[in-house]
>>> print(open('upload_30.csv').read())   # CSV, C-alpha atoms
chain,number,residue,atom,x,y,z
A,103,MET,CA,9.6,-14.0,4.3
A,104,GLN,CA,7.6,-11.5,2.3
A,105,LEU,CA,8.0,-7.9,1.2
A,106,VAL,CA,4.9,-6.0,0.2
A,107,SER,CA,3.8,-2.4,-0.2
A,108,SER,CA,0.5,-0.7,0.5
A,109,ALA,CA,1.2,1.6,-2.5
A,110,PHE,CA,1.4,-1.0,-5.2
A,111,LEU,CA,1.0,-4.7,-5.8
A,112,ASN,CA,3.7,-7.1,-7.1
A,113,ASN,CA,4.4,-6.5,-10.8
A,114,GLN,CA,2.1,-3.5,-10.9
A,115,PRO,CA,2.8,0.2,-11.5
A,116,ILE,CA,4.5,2.3,-8.8
A,117,PRO,CA,2.4,5.4,-8.1
A,118,LYS,CA,3.7,8.7,-9.5
A,119,LYS,CA,4.2,10.1,-6.0
A,120,TYR,CA,7.2,7.8,-5.5
A,121,THR,CA,9.0,8.7,-8.7
A,122,CYS,CA,10.8,11.7,-10.2
A,123,GLU,CA,7.5,13.0,-11.5
A,124,GLY,CA,6.1,13.1,-8.0
A,125,ASP,CA,7.5,13.6,-4.5
A,126,GLY,CA,10.4,11.3,-5.2
A,127,VAL,CA,10.2,9.5,-1.8
A,128,ASN,CA,10.6,5.8,-1.1
A,129,PRO,CA,7.2,3.9,-1.1
A,130,PRO,CA,6.0,2.3,2.2
A,131,LEU,CA,7.2,-1.3,2.6
A,132,LYS,CA,5.9,-4.0,4.9
A,133,ILE,CA,8.2,-6.9,6.0
A,134,ILE,CA,6.5,-10.2,6.9
A,135,ASP,CA,7.7,-13.5,8.5
A,136,VAL,CA,11.3,-12.6,9.1
A,137,PRO,CA,13.1,-15.9,10.3
A,138,GLU,CA,13.6,-16.0,14.1
A,139,THR,CA,17.4,-16.3,13.8
A,140,THR,CA,17.8,-13.1,11.7
A,141,LYS,CA,20.3,-10.6,13.1
A,142,SER,CA,19.8,-7.9,10.4
A,143,LEU,CA,18.1,-7.1,7.2
A,144,ALA,CA,19.4,-5.7,3.9
A,145,LEU,CA,17.4,-4.0,1.2
A,146,ILE,CA,18.5,-3.2,-2.4
A,147,ILE,CA,16.2,-1.4,-4.9
A,148,ASP,CA,17.4,-1.6,-8.5
A,149,ASP,CA,16.3,-1.2,-12.1
A,150,PRO,CA,17.6,-4.0,-14.3
A,151,ASP,CA,16.1,-2.3,-17.4
A,152,ALA,CA,18.3,0.8,-17.3
A,153,PRO,CA,20.1,1.5,-20.6
A,154,SER,CA,23.6,1.6,-19.0
A,155,GLY,CA,23.1,-1.6,-17.0
A,156,ILE,CA,21.6,-2.2,-13.6
A,157,TYR,CA,20.8,1.1,-11.8
A,158,ILE,CA,20.9,1.1,-8.0
A,159,HIS,CA,18.1,3.2,-6.4
A,160,TRP,CA,18.7,2.4,-2.8
A,161,LEU,CA,21.0,0.4,-0.6
A,162,LEU,CA,20.2,-0.2,3.0
A,163,TRP,CA,21.7,-2.7,5.5
A,164,ASN,CA,21.8,-3.4,9.2
A,165,ILE,CA,18.1,-2.9,9.4
A,166,SER,CA,16.8,-4.3,12.7
A,167,PRO,CA,15.2,-7.7,12.3
A,168,ALA,CA,12.3,-6.4,14.5
A,169,THR,CA,11.4,-3.9,11.7
A,170,THR,CA,8.0,-4.7,10.2
A,171,LYS,CA,7.6,-1.7,8.0
A,172,ILE,CA,9.6,1.1,6.4
A,173,GLU,CA,7.4,4.2,6.0
A,174,GLU,CA,7.5,6.4,3.0
A,175,ASN,CA,10.4,8.9,3.1
A,176,GLU,CA,11.9,7.0,6.0
A,177,VAL,CA,15.3,5.4,6.8
A,178,PRO,CA,14.7,2.8,9.5
A,179,PRO,CA,16.5,3.7,12.8
A,180,GLY,CA,20.0,2.3,12.9
A,181,ALA,CA,20.1,1.3,9.2
A,182,ILE,CA,23.1,2.2,7.1
A,183,GLU,CA,22.7,3.6,3.5
A,184,GLY,CA,25.0,2.9,0.6
A,185,GLU,CA,25.9,4.8,-2.6
A,186,ASN,CA,23.3,4.6,-5.3
A,187,SER,CA,24.0,4.9,-9.1
A,188,SER,CA,23.7,8.7,-8.9
A,189,GLY,CA,26.8,8.7,-6.7
A,190,GLU,CA,24.7,9.8,-3.7
A,191,ILE,CA,23.7,8.3,-0.3
A,192,GLY,CA,20.0,7.6,0.0
A,193,PHE,CA,17.0,6.9,-2.2
A,194,THR,CA,16.8,7.9,-5.9
A,195,PRO,CA,13.3,7.7,-7.3
A,196,PRO,CA,12.4,5.8,-10.4
A,197,CYS,CA,12.8,8.0,-13.5
A,198,PRO,CA,13.1,5.8,-16.6
A,199,PRO,CA,14.3,7.6,-19.8
A,200,SER,CA,11.8,5.7,-21.9
A,201,GLY,CA,9.5,2.7,-21.8
A,202,ILE,CA,8.3,0.6,-18.9
A,203,HIS,CA,11.0,-0.3,-16.3
A,204,HIS,CA,10.9,-2.9,-13.6
A,205,TYR,CA,12.1,-1.9,-10.1
A,206,ARG,CA,13.2,-4.8,-7.9
A,207,PHE,CA,12.8,-4.3,-4.1
A,208,MET,CA,15.0,-7.1,-2.8
A,209,LEU,CA,15.2,-7.9,0.9
A,210,TRP,CA,17.6,-10.3,2.6
A,211,ALA,CA,17.4,-11.7,6.2
A,212,LEU,CA,21.0,-12.1,7.4
A,213,SER,CA,22.5,-14.2,10.2
A,214,GLN,CA,24.6,-11.2,11.3
A,215,PRO,CA,25.0,-7.4,10.7
A,216,LEU,CA,27.2,-6.3,7.9
A,217,ALA,CA,30.5,-4.6,8.9
A,218,LEU,CA,30.4,-2.0,6.1
A,219,PRO,CA,30.6,1.8,6.3
A,220,GLU,CA,28.0,4.3,5.0
A,221,GLY,CA,28.5,4.8,1.3
A,222,ALA,CA,29.5,1.2,0.5
A,223,THR,CA,28.6,0.1,-3.1
A,224,ARG,CA,26.3,-2.6,-4.2
A,225,GLU,CA,29.2,-4.8,-5.1
A,226,GLN,CA,30.7,-4.4,-1.6
A,227,VAL,CA,27.3,-5.1,0.1
A,228,GLU,CA,26.5,-8.2,-2.0
A,229,ARG,CA,30.0,-9.7,-1.6
A,230,VAL,CA,29.6,-9.6,2.2
A,231,LEU,CA,25.9,-10.4,2.5
A,232,GLU,CA,26.1,-13.6,0.4
A,233,GLN,CA,27.8,-15.3,3.4
A,234,PHE,CA,25.0,-14.7,5.8
A,235,VAL,CA,21.7,-15.1,3.9
A,236,LEU,CA,18.9,-16.9,5.8
A,237,ALA,CA,16.0,-15.9,3.5
A,238,ARG,CA,15.2,-13.5,0.6
A,239,ALA,CA,12.1,-11.8,-0.6
A,240,GLU,CA,11.4,-9.7,-3.7
A,241,LEU,CA,8.7,-7.2,-4.7
A,242,VAL,CA,8.7,-5.7,-8.2
A,243,GLY,CA,7.1,-2.5,-9.3
A,244,THR,CA,6.9,-1.0,-12.8
A,245,TYR,CA,7.0,2.6,-14.0
A,246,GLN,CA,6.8,4.5,-17.3
A,247,LYS,CA,7.1,8.3,-17.4
A,248,LYS,CA,4.0,10.0,-18.9
>>> encode(input="upload_30.csv", output="structure tokens")
Amino acid sequence: MQLVSSAFLNNQPIPKKYTCEGDGVNPPLKIIDVPETTKSLALIIDDPDAPSGIYIHWLLWNISPATTKIEENEVPPGAIEGENSSGEIGFTPPCPPSGIHHYRFMLWALSQPLALPEGATREQVERVLEQFVLARAELVGTYQKK
């Protein structure tokens, strides 16, 4: 399974449009080669370089396994969003306080949907998803404020 973006290449800069210095919307993502037995997908975007520890930018789960792309500024139909590190539901754009930060876009193929309510935390999502992982993909983008 692979996760790619038409907006940036792996380990390359995320365009300003998708950050706090631009439109602040999620970048487009393409999902490739999902295992046939997948019943749902989960996506976590985080920043492991954040000064206060890992910062969660977006939590999404119960994405249909038939999903091949997530357009910019889109939540896939039927997907459930969790609480990000800003204490909100939805996508928070990259906005590092200083230096270059790495943003991990992590996708899991799961053997069943997750029985979690909207607003669940990363800890809650990861505790449940670990039981059902069929495959995992990761895309990393970087960003430094100008």
>>> closest_atom_pairs(input="upload_30.csv", of="range 194-217 of chain A", to="range 126-131 of chain A", cutoff="8 Å", atoms="only C-alpha atoms", output="CSV")
residue,atom,partner,partner_atom,distance
A:Thr194,CA,A:Gly126,CA,7.3
A:Pro195,CA,A:Gly126,CA,5.1
A:Pro196,CA,A:Gly126,CA,7.8
>>> write_last_selection(input="upload_30.csv", atoms="C-alpha atoms", output="PDB file, in the coordinates of the input")
ATOM      1  CA  THR A 194      16.800   7.900  -5.900  1.00  0.00           C
ATOM      2  CA  PRO A 195      13.300   7.700  -7.300  1.00  0.00           C
ATOM      3  CA  PRO A 196      12.400   5.800 -10.400  1.00  0.00           C
TER       4      PRO A 196
END
>>> closest_residue(input="upload_30.csv", among="A:Asn113, A:Thr223, A:Ser108, A:Thr140", to="Ser166 in chain A", atoms="only C-alpha atoms")
A:Thr140
>>> residues_around(input="upload_30.csv", residues="range 235-237 of chain A", least_positions_apart="6", cutoff="9 Å", atoms="only C-alpha atoms", output="PyMOL selection string")
chain A and resi 103+136-137+139-140+209-214
>>> residues_around(input="upload_30.csv", residues="range 154-157 of chain A", least_positions_apart="2", cutoff="12 Å", atoms="only C-alpha atoms", output="list of chain:residue names")
A:Ile146, A:Ile147, A:Asp148, A:Asp149, A:Pro150, A:Asp151, A:Ala152, A:His159, A:Trp160, A:Leu161, A:Glu185, A:Asn186, A:Ser187, A:Ser188, A:Gly189, A:Phe193, A:Thr194, A:Pro195, A:Pro196, A:Cys197, A:Pro198, A:Pro199, A:His203, A:His204, A:Tyr205, A:Arg206, A:Thr223, A:Arg224, A:Glu225
>>> residues_around(input="upload_30.csv", residues="Asn164 in chain A", least_positions_apart="5", cutoff="6 Å", atoms="all atoms listed in the file", output="PyMOL selection string")
chain A and resi 142-143+181+215
>>> atom_distance(input="upload_30.csv", atom1="CA of Met208 in chain A", atom2="CA of Gly180 in chain A")
19.0 Å
>>> closest_residue(input="upload_30.csv", among="A:Phe207, A:Glu240, A:Leu162, A:Pro115", to="Glu176 in chain A", atoms="only C-alpha atoms")
A:Leu162
>>> atom_distance(input="upload_30.csv", atom1="CA of Ile182 in chain A", atom2="CA of Thr169 in chain A")
14.0 Å
>>> atom_distance(input="upload_30.csv", atom1="CA of Thr121 in chain A", atom2="CA of Tyr245 in chain A")
8.3 Å
